[in-house]
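*Asks:* What follows is run30.cif, made up of mmCIF, C-alpha atoms; chains and numbers go by the auth columns:
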```cif
data_protein
loop_
_atom_site.group_PDB
_atom_site.id
_atom_site.type_symbol
_atom_site.label_atom_id
_atom_site.label_comp_id
_atom_site.label_asym_id
_atom_site.label_seq_id
_atom_site.Cartn_x
_atom_site.Cartn_y
_atom_site.Cartn_z
_atom_site.B_iso_or_equiv
_atom_site.auth_seq_id
_atom_site.auth_asym_id
ATOM 1 C CA MET A 1 9.950 24.808 0.330 0.00 1 A
ATOM 2 C CA GLY A 2 12.031 23.396 3.165 0.00 2 A
ATOM 3 C CA LYS A 3 13.788 20.061 3.067 0.00 3 A
ATOM 4 C CA PHE A 4 11.348 18.407 5.454 0.00 4 A
ATOM 5 C CA SER A 5 8.167 20.335 4.709 0.00 5 A
ATOM 6 C CA ILE A 6 6.483 17.609 2.634 0.00 6 A
ATOM 7 C CA PRO A 7 7.090 14.794 5.163 0.00 7 A
ATOM 8 C CA ILE A 8 5.934 17.024 8.017 0.00 8 A
ATOM 9 C CA LYS A 9 2.864 18.329 6.210 0.00 9 A
ATOM 10 C CA TYR A 10 1.753 14.930 4.959 0.00 10 A
ATOM 11 C CA GLY A 11 2.783 13.178 8.178 0.00 11 A
ATOM 12 C CA VAL A 12 0.549 15.495 10.205 0.00 12 A
ATOM 13 C CA ALA A 13 -2.272 14.988 7.687 0.00 13 A
ATOM 14 C CA VAL A 14 -1.954 11.192 7.861 0.00 14 A
ATOM 15 C CA ALA A 15 -1.839 11.302 11.671 0.00 15 A
ATOM 16 C CA ALA A 16 -4.962 13.495 11.687 0.00 16 A
ATOM 17 C CA GLY A 17 -6.681 10.934 9.469 0.00 17 A
ATOM 18 C CA LEU A 18 -5.657 8.077 11.748 0.00 18 A
ATOM 19 C CA ILE A 19 -6.796 9.940 14.850 0.00 19 A
ATOM 20 C CA ALA A 20 -10.109 10.916 13.246 0.00 20 A
ATOM 21 C CA TYR A 21 -10.724 7.314 12.171 0.00 21 A
ATOM 22 C CA PHE A 22 -9.910 6.074 15.683 0.00 22 A
ATOM 23 C CA LEU A 23 -12.272 8.602 17.269 0.00 23 A
ATOM 24 C CA ILE A 24 -15.055 7.721 14.822 0.00 24 A
ATOM 25 C CA LEU A 25 -14.603 4.062 15.758 0.00 25 A
ATOM 26 C CA SER A 26 -14.757 5.027 19.433 0.00 26 A
ATOM 27 C CA LEU A 27 -18.130 6.703 18.866 0.00 27 A
ATOM 28 C CA PHE A 28 -19.501 3.303 17.858 0.00 28 A
ATOM 29 C CA ASP A 29 -17.485 1.489 20.552 0.00 29 A
ATOM 30 C CA ALA A 30 -15.615 -0.388 17.829 0.00 30 A
ATOM 31 C CA HIS A 31 -12.162 0.988 18.649 0.00 31 A
ATOM 32 C CA ASN A 32 -11.412 -1.987 20.888 0.00 32 A
ATOM 33 C CA GLN A 33 -11.726 -4.438 17.971 0.00 33 A
ATOM 34 C CA PRO A 34 -8.226 -4.812 16.449 0.00 34 A
ATOM 35 C CA ILE A 35 -9.613 -5.904 13.062 0.00 35 A
ATOM 36 C CA TYR A 36 -10.605 -2.313 12.333 0.00 36 A
ATOM 37 C CA SER A 37 -6.972 -1.244 12.528 0.00 37 A
ATOM 38 C CA LEU A 38 -6.480 -2.763 9.067 0.00 38 A
ATOM 39 C CA PHE A 39 -7.972 0.411 7.612 0.00 39 A
ATOM 40 C CA ASN A 40 -5.098 2.335 9.224 0.00 40 A
ATOM 41 C CA GLY A 41 -2.928 0.825 6.501 0.00 41 A
ATOM 42 C CA VAL A 42 -5.197 2.288 3.840 0.00 42 A
ATOM 43 C CA ILE A 43 -4.963 5.734 5.432 0.00 43 A
ATOM 44 C CA MET A 44 -1.171 5.452 5.672 0.00 44 A
ATOM 45 C CA ALA A 45 -0.932 4.155 2.108 0.00 45 A
ATOM 46 C CA TYR A 46 -2.913 7.019 0.654 0.00 46 A
ATOM 47 C CA GLY A 47 -1.054 9.706 2.593 0.00 47 A
ATOM 48 C CA MET A 48 2.386 8.321 1.833 0.00 48 A
ATOM 49 C CA PHE A 49 1.555 7.898 -1.858 0.00 49 A
ATOM 50 C CA GLU A 50 0.406 11.502 -2.049 0.00 50 A
ATOM 51 C CA ALA A 51 3.573 12.658 -0.274 0.00 51 A
ATOM 52 C CA VAL A 52 5.874 10.916 -2.757 0.00 52 A
ATOM 53 C CA LYS A 53 3.755 12.077 -5.681 0.00 53 A
ATOM 54 C CA HIS A 54 3.870 15.677 -4.464 0.00 54 A
ATOM 55 C CA TYR A 55 7.612 15.435 -3.839 0.00 55 A
ATOM 56 C CA ARG A 56 8.205 14.078 -7.349 0.00 56 A
ATOM 57 C CA LEU A 57 6.080 16.821 -8.903 0.00 57 A
ATOM 58 C CA HIS A 58 7.970 19.413 -6.881 0.00 58 A
ATOM 59 C CA LYS A 59 11.413 18.096 -7.906 0.00 59 A
ATOM 60 C CA GLY A 60 10.573 17.322 -11.535 0.00 60 A
ATOM 61 C CA ASN A 61 13.642 16.053 -13.425 0.00 61 A
ATOM 62 C CA LYS A 62 15.777 16.443 -10.285 0.00 62 A
ATOM 63 C CA PHE A 63 13.835 13.676 -8.488 0.00 63 A
ATOM 64 C CA LYS A 64 16.212 11.169 -6.953 0.00 64 A
ATOM 65 C CA TYR A 65 15.265 7.748 -5.622 0.00 65 A
ATOM 66 C CA GLN A 66 16.991 8.277 -2.267 0.00 66 A
ATOM 67 C CA LYS A 67 15.274 11.609 -1.611 0.00 67 A
ATOM 68 C CA GLY A 68 11.870 10.224 -2.578 0.00 68 A
ATOM 69 C CA PHE A 69 12.500 7.229 -0.328 0.00 69 A
ATOM 70 C CA MET A 70 13.283 9.523 2.587 0.00 70 A
ATOM 71 C CA ALA A 71 10.254 11.748 1.915 0.00 71 A
ATOM 72 C CA SER A 72 7.941 8.745 2.009 0.00 72 A
ATOM 73 C CA LEU A 73 9.612 7.091 4.983 0.00 73 A
ATOM 74 C CA LEU A 74 9.680 10.296 7.043 0.00 74 A
ATOM 75 C CA THR A 75 6.011 10.918 6.239 0.00 75 A
ATOM 76 C CA GLY A 76 5.118 7.513 7.663 0.00 76 A
ATOM 77 C CA PHE A 77 7.420 7.911 10.659 0.00 77 A
ATOM 78 C CA ASN A 78 6.014 11.338 11.496 0.00 78 A
ATOM 79 C CA ALA A 79 2.450 10.018 11.298 0.00 79 A
ATOM 80 C CA THR A 80 3.382 7.011 13.444 0.00 80 A
ATOM 81 C CA ILE A 81 5.015 9.115 16.153 0.00 81 A
ATOM 82 C CA ILE A 82 2.085 11.529 16.342 0.00 82 A
ATOM 83 C CA PHE A 83 -0.491 8.725 16.394 0.00 83 A
ATOM 84 C CA THR A 84 1.458 6.759 19.021 0.00 84 A
ATOM 85 C CA ILE A 85 1.559 9.838 21.272 0.00 85 A
ATOM 86 C CA PHE A 86 -2.192 10.335 20.775 0.00 86 A
ATOM 87 C CA PHE A 87 -2.827 6.643 21.478 0.00 87 A
ATOM 88 C CA GLY A 88 -0.817 6.861 24.697 0.00 88 A
ATOM 89 C CA VAL A 89 -2.694 9.954 25.875 0.00 89 A
ATOM 90 C CA TYR A 90 -6.045 8.445 24.906 0.00 90 A
ATOM 91 C CA SER A 91 -5.457 5.125 26.643 0.00 91 A
ATOM 92 C CA THR A 92 -4.042 6.622 29.844 0.00 92 A
ATOM 93 C CA GLU A 93 -5.827 9.965 30.280 0.00 93 A
ATOM 94 C CA ILE A 94 -8.964 10.181 28.152 0.00 94 A
ATOM 95 C CA ASN A 95 -10.210 6.592 28.499 0.00 95 A
ATOM 96 C CA PRO A 96 -8.172 4.737 31.149 0.00 96 A
ATOM 97 C CA GLY A 97 -10.315 1.584 30.829 0.00 97 A
ATOM 98 C CA PHE A 98 -9.590 1.282 27.117 0.00 98 A
ATOM 99 C CA LEU A 99 -6.490 -0.848 27.560 0.00 99 A
ATOM 100 C CA ASP A 100 -8.413 -3.342 29.713 0.00 100 A
ATOM 101 C CA ASP A 101 -11.052 -3.691 26.989 0.00 101 A
ATOM 102 C CA LEU A 102 -8.515 -3.957 24.189 0.00 102 A
ATOM 103 C CA ILE A 103 -6.330 -6.739 25.571 0.00 103 A
ATOM 104 C CA THR A 104 -8.464 -8.477 28.160 0.00 104 A
ATOM 105 C CA VAL A 105 -6.735 -11.856 27.937 0.00 105 A
ATOM 106 C CA TRP A 106 -3.205 -10.538 27.578 0.00 106 A
ATOM 107 C CA ILE A 107 -3.328 -8.323 30.675 0.00 107 A
ATOM 108 C CA THR A 108 -4.031 -11.227 33.021 0.00 108 A
ATOM 109 C CA ASP A 109 -1.864 -13.825 31.308 0.00 109 A
ATOM 110 C CA TYR A 110 1.136 -11.758 30.230 0.00 110 A
ATOM 111 C CA ASN A 111 1.045 -8.708 32.516 0.00 111 A
ATOM 112 C CA THR A 112 0.917 -6.340 29.534 0.00 112 A
ATOM 113 C CA SER A 113 1.412 -2.662 30.303 0.00 113 A
ATOM 114 C CA ILE A 114 0.800 0.541 28.358 0.00 114 A
ATOM 115 C CA GLY A 115 4.472 0.675 27.408 0.00 115 A
ATOM 116 C CA VAL A 116 4.303 -2.650 25.601 0.00 116 A
ATOM 117 C CA VAL A 117 1.128 -1.645 23.770 0.00 117 A
ATOM 118 C CA LEU A 118 2.628 1.680 22.684 0.00 118 A
ATOM 119 C CA PHE A 119 5.762 -0.132 21.521 0.00 119 A
ATOM 120 C CA VAL A 120 3.649 -2.492 19.408 0.00 120 A
ATOM 121 C CA VAL A 121 1.643 0.409 17.937 0.00 121 A
ATOM 122 C CA ALA A 122 4.870 2.214 17.030 0.00 122 A
ATOM 123 C CA VAL A 123 6.534 -0.868 15.517 0.00 123 A
ATOM 124 C CA MET A 124 3.435 -1.606 13.447 0.00 124 A
ATOM 125 C CA GLY A 125 3.449 1.958 12.125 0.00 125 A
ATOM 126 C CA PHE A 126 7.172 1.954 11.360 0.00 126 A
ATOM 127 C CA ALA A 127 6.935 -1.430 9.616 0.00 127 A
ATOM 128 C CA THR A 128 3.960 -0.279 7.547 0.00 128 A
ATOM 129 C CA SER A 129 5.868 2.863 6.595 0.00 129 A
ATOM 130 C CA LEU A 130 8.914 0.911 5.477 0.00 130 A
ATOM 131 C CA VAL A 131 6.975 -1.634 3.422 0.00 131 A
ATOM 132 C CA LEU A 132 4.844 1.021 1.738 0.00 132 A
ATOM 133 C CA THR A 133 7.909 3.138 0.992 0.00 133 A
ATOM 134 C CA LEU A 134 9.688 0.219 -0.660 0.00 134 A
ATOM 135 C CA ALA A 135 6.582 -0.555 -2.717 0.00 135 A
ATOM 136 C CA TYR A 136 5.960 3.031 -3.785 0.00 136 A
ATOM 137 C CA MET A 137 9.512 3.697 -4.796 0.00 137 A
ATOM 138 C CA GLN A 138 9.195 0.874 -7.312 0.00 138 A
ATOM 139 C CA LEU A 139 6.408 2.895 -8.906 0.00 139 A
ATOM 140 C CA PHE A 140 8.216 6.223 -8.816 0.00 140 A
ATOM 141 C CA LYS A 141 11.753 5.250 -9.780 0.00 141 A
ATOM 142 C CA ASP A 142 13.009 5.743 -13.298 0.00 142 A
ATOM 143 C CA SER A 143 13.152 2.602 -15.404 0.00 143 A
ATOM 144 C CA TRP A 144 16.419 1.525 -16.979 0.00 144 A
ATOM 145 C CA ASN A 145 14.599 -0.620 -19.524 0.00 145 A
ATOM 146 C CA THR A 146 13.493 2.185 -21.826 0.00 146 A
ATOM 147 C CA LYS A 147 15.225 3.372 -25.004 0.00 147 A
ATOM 148 C CA GLU A 148 15.733 6.793 -23.418 0.00 148 A
ATOM 149 C CA ALA A 149 17.527 5.328 -20.404 0.00 149 A
ATOM 150 C CA LYS A 150 19.728 3.113 -22.596 0.00 150 A
ATOM 151 C CA LYS A 151 20.912 6.198 -24.537 0.00 151 A
ATOM 152 C CA HIS A 152 22.191 7.750 -21.320 0.00 152 A
ATOM 153 C CA THR A 153 23.994 4.639 -20.097 0.00 153 A
ATOM 154 C CA LEU A 154 26.030 4.038 -23.241 0.00 154 A
#
```
Would you kindly transcribe this structure into structure tokens?

*Replies:*
Amino acid sequence: MGKFSIPIKYGVAVAAGLIAYFLILSLFDAHNQPIYSLFNGVIMAYGMFEAVKHYRLHKGNKFKYQKGFMASLLTGFNATIIFTIFFGVYSTEINPGFLDDLITVWITDYNTSIGVVLFVVAVMGFATSLVLTLAYMQLFKDSWNTKEAKKHTL
């Protein structure tokens, strides 16, 4: 298994889940309601958790905090990049009026362009990835408070 195969595999899977969820919302014309993007965090959380879990199972006793951190973070970053590219293509080519519906007030008041929206989508994804990675690594790191760990530190 390659060094980046887990983050790529799970990142693509998470991005596919995000894209599928977005397209399902668009079928019901609910994709222009930002409140529904909260479920994106659930999709990211599940995919990133599974990536770290799979990585830990694969490494066994050789699991290191830093490598698990990177596997989780890269999974989230890969998913974010793929989804941001899809979002850009969707809002400019597939449904050009989508941006007008999404940020009706902001376009007229703040002259918001597609670049700003894509930047915000990417930053939200990267921030979610970082926060989830920090949280998950607390679950997956080895504890120093056990009798077994104390034997190895003395």

*Asks:* So what do you get for atom CA of Ile6 of chain A versus atom CA of Tyr90 of chain A, distance-wise?

*Replies:*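 Rounded to one decimal, the two atoms are 27.1 Å apart.
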
*Asks:* Using the chain letters and numbers from this file, what does the PyMOL selection byres ((chain A and resi 118) around 10) select? Give the answer as a ChimeraX atom specification.

*Replies:* /A:83-85,87-88,91,113-117,119-124

*Asks:* Skip Tyr21 of chain A itself and residues of its chain fewer than 3 positions away, then list as a list in words all residues within 12 Å of it, counting only C-alpha atoms.

*Replies:* Val14, Ala15, Ala16, Gly17, Leu18, Ile24, Leu25, Ser26, Leu27, Phe28, Ala30, His31, Tyr36, Ser37, Leu38, Phe39, Asn40, Gly41, Val42, Ile43, Met44 and Phe83 of chain A

*Asks:* For those residues, write C-alpha atoms to a file as a JSON list (two decimals), keeping the file's coordinate frame.

*Replies:*
```
[["chain", "number", "residue", "atom", "x", "y", "z"],
["A", 14, "VAL", "CA", -1.95, 11.19, 7.86],
["A", 15, "ALA", "CA", -1.84, 11.30, 11.67],
["A", 16, "ALA", "CA", -4.96, 13.50, 11.69],
["A", 17, "GLY", "CA", -6.68, 10.93, 9.47],
["A", 18, "LEU", "CA", -5.66, 8.08, 11.75],
["A", 24, "ILE", "CA", -15.06, 7.72, 14.82],
["A", 25, "LEU", "CA", -14.60, 4.06, 15.76],
["A", 26, "SER", "CA", -14.76, 5.03, 19.43],
["A", 27, "LEU", "CA", -18.13, 6.70, 18.87],
["A", 28, "PHE", "CA", -19.50, 3.30, 17.86],
["A", 30, "ALA", "CA", -15.62, -0.39, 17.83],
["A", 31, "HIS", "CA", -12.16, 0.99, 18.65],
["A", 36, "TYR", "CA", -10.60, -2.31, 12.33],
["A", 37, "SER", "CA", -6.97, -1.24, 12.53],
["A", 38, "LEU", "CA", -6.48, -2.76, 9.07],
["A", 39, "PHE", "CA", -7.97, 0.41, 7.61],
["A", 40, "ASN", "CA", -5.10, 2.34, 9.22],
["A", 41, "GLY", "CA", -2.93, 0.82, 6.50],
["A", 42, "VAL", "CA", -5.20, 2.29, 3.84],
["A", 43, "ILE", "CA", -4.96, 5.73, 5.43],
["A", 44, "MET", "CA", -1.17, 5.45, 5.67],
["A", 83, "PHE", "CA", -0.49, 8.72, 16.39]]
```

*Asks:* Which distance in Å separates atom CA of Pro34 of chain A and atom CA of Ile103 of chain A, to one decimal?

*Replies:*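 One can read the atom CA of Pro34 of chain A to atom CA of Ile103 of chain A distance as 9.5 Å.
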
*Asks:* What does the distance between atom CA of Arg56 of chain A and atom CA of Gln138 of chain A come to in Å, to one decimal place?

*Replies:*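 Separation between atom CA of Arg56 of chain A and atom CA of Gln138 of chain A: 13.2 Å.
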
*Asks:* So, with all atoms listed in the file as the atoms that count, which of A:Thr92, A:Asn78, A:Ser72, A:Asn61 lies closest to Ala45 of chain A?

*Replies:*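 Under the stated criterion, the closest residue is A:Ser72.
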
*Asks:* Given only C-alpha atoms as the basis, pick out the residue of A:Leu132, A:Gly97, A:Leu102, A:Ala20 nearest to Met48 of chain A.

*Replies:* A:Leu132

*Asks:* Running the PyMOL selection byres ((chain A and resi 11) around 7) on this model by hand, what would come out? Give it as a PyMOL selection string.

*Replies:* chain A and resi 7-10+12-15+75-76+78-79

*Asks:* As a CSV table (one decimal) with C-alpha atoms, keeping the file's coordinate frame, please: the residues near Leu73 of chain A (cut-off 7 Å, all atoms listed in the file, same-chain neighbours under 3 positions excluded).

*Replies:*
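The resulting file, selection.csv, is shown below:
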```
chain,number,residue,atom,x,y,z
A,69,PHE,CA,12.5,7.2,-0.3
A,70,MET,CA,13.3,9.5,2.6
A,76,GLY,CA,5.1,7.5,7.7
A,77,PHE,CA,7.4,7.9,10.7
A,129,SER,CA,5.9,2.9,6.6
A,130,LEU,CA,8.9,0.9,5.5
A,133,THR,CA,7.9,3.1,1.0
```

*Asks:* Of the candidates A:Gly125, A:Tyr65, A:Ile19, A:Asn32, which one gets nearest to Asp100 of chain A if we count all atoms listed in the file?

*Replies:* A:Asn32

*Asks:* Step by step, gather every atom of segment 86-100 of chain A that the file lists, find the box along x, y and z that holds them, add 8 Å on each side, and finally give centre and edge lengths in Å to one decimal, as lines of an AutoDock Vina configuration file.

*Replies:*
```
center_x = -5.6
center_y = 3.5
center_z = 26.0
size_x = 25.5
size_y = 29.7
size_z = 26.4
```

*Asks:* Export segment 45-56 of chain A of the preceding structure, keeping N, CA, C and O atoms, as a short mmCIF file (atom, residue, chain, number, x, y, z; two decimals), in the first residue's frame.

*Replies:*
```
data_model
loop_
_atom_site.label_atom_id
_atom_site.label_comp_id
_atom_site.auth_asym_id
_atom_site.auth_seq_id
_atom_site.Cartn_x
_atom_site.Cartn_y
_atom_site.Cartn_z
N ALA A 45 -16.78 14.06 8.68
CA ALA A 45 -16.41 13.41 9.94
C ALA A 45 -16.37 11.90 9.80
O ALA A 45 -15.42 11.25 10.25
N TYR A 46 -17.37 11.34 9.16
CA TYR A 46 -17.41 9.90 9.01
C TYR A 46 -16.25 9.40 8.13
O TYR A 46 -15.56 8.45 8.48
N GLY A 47 -16.03 10.06 7.01
CA GLY A 47 -14.97 9.64 6.10
C GLY A 47 -13.59 9.76 6.71
O GLY A 47 -12.74 8.88 6.56
N MET A 48 -13.34 10.84 7.42
CA MET A 48 -12.03 11.05 8.03
C MET A 48 -11.81 10.07 9.18
O MET A 48 -10.70 9.56 9.37
N PHE A 49 -12.85 9.78 9.94
CA PHE A 49 -12.74 8.80 11.02
C PHE A 49 -12.39 7.42 10.45
O PHE A 49 -11.50 6.73 10.97
N GLU A 50 -13.07 7.05 9.39
CA GLU A 50 -12.80 5.76 8.77
C GLU A 50 -11.38 5.70 8.20
O GLU A 50 -10.72 4.66 8.25
N ALA A 51 -10.90 6.81 7.67
CA ALA A 51 -9.54 6.85 7.12
C ALA A 51 -8.50 6.62 8.22
O ALA A 51 -7.58 5.81 8.05
N VAL A 52 -8.65 7.30 9.35
CA VAL A 52 -7.70 7.13 10.44
C VAL A 52 -7.81 5.72 11.02
O VAL A 52 -6.80 5.09 11.34
N LYS A 53 -9.03 5.23 11.15
CA LYS A 53 -9.23 3.89 11.68
C LYS A 53 -8.56 2.84 10.78
O LYS A 53 -7.85 1.95 11.26
N HIS A 54 -8.77 2.99 9.47
CA HIS A 54 -8.16 2.06 8.52
C HIS A 54 -6.63 2.17 8.57
O HIS A 54 -5.92 1.16 8.53
N TYR A 55 -6.13 3.38 8.65
CA TYR A 55 -4.68 3.59 8.71
C TYR A 55 -4.10 2.94 9.97
O TYR A 55 -3.06 2.30 9.93
N ARG A 56 -4.79 3.10 11.10
CA ARG A 56 -4.30 2.50 12.34
C ARG A 56 -4.34 0.98 12.26
O ARG A 56 -3.41 0.30 12.73
#
```
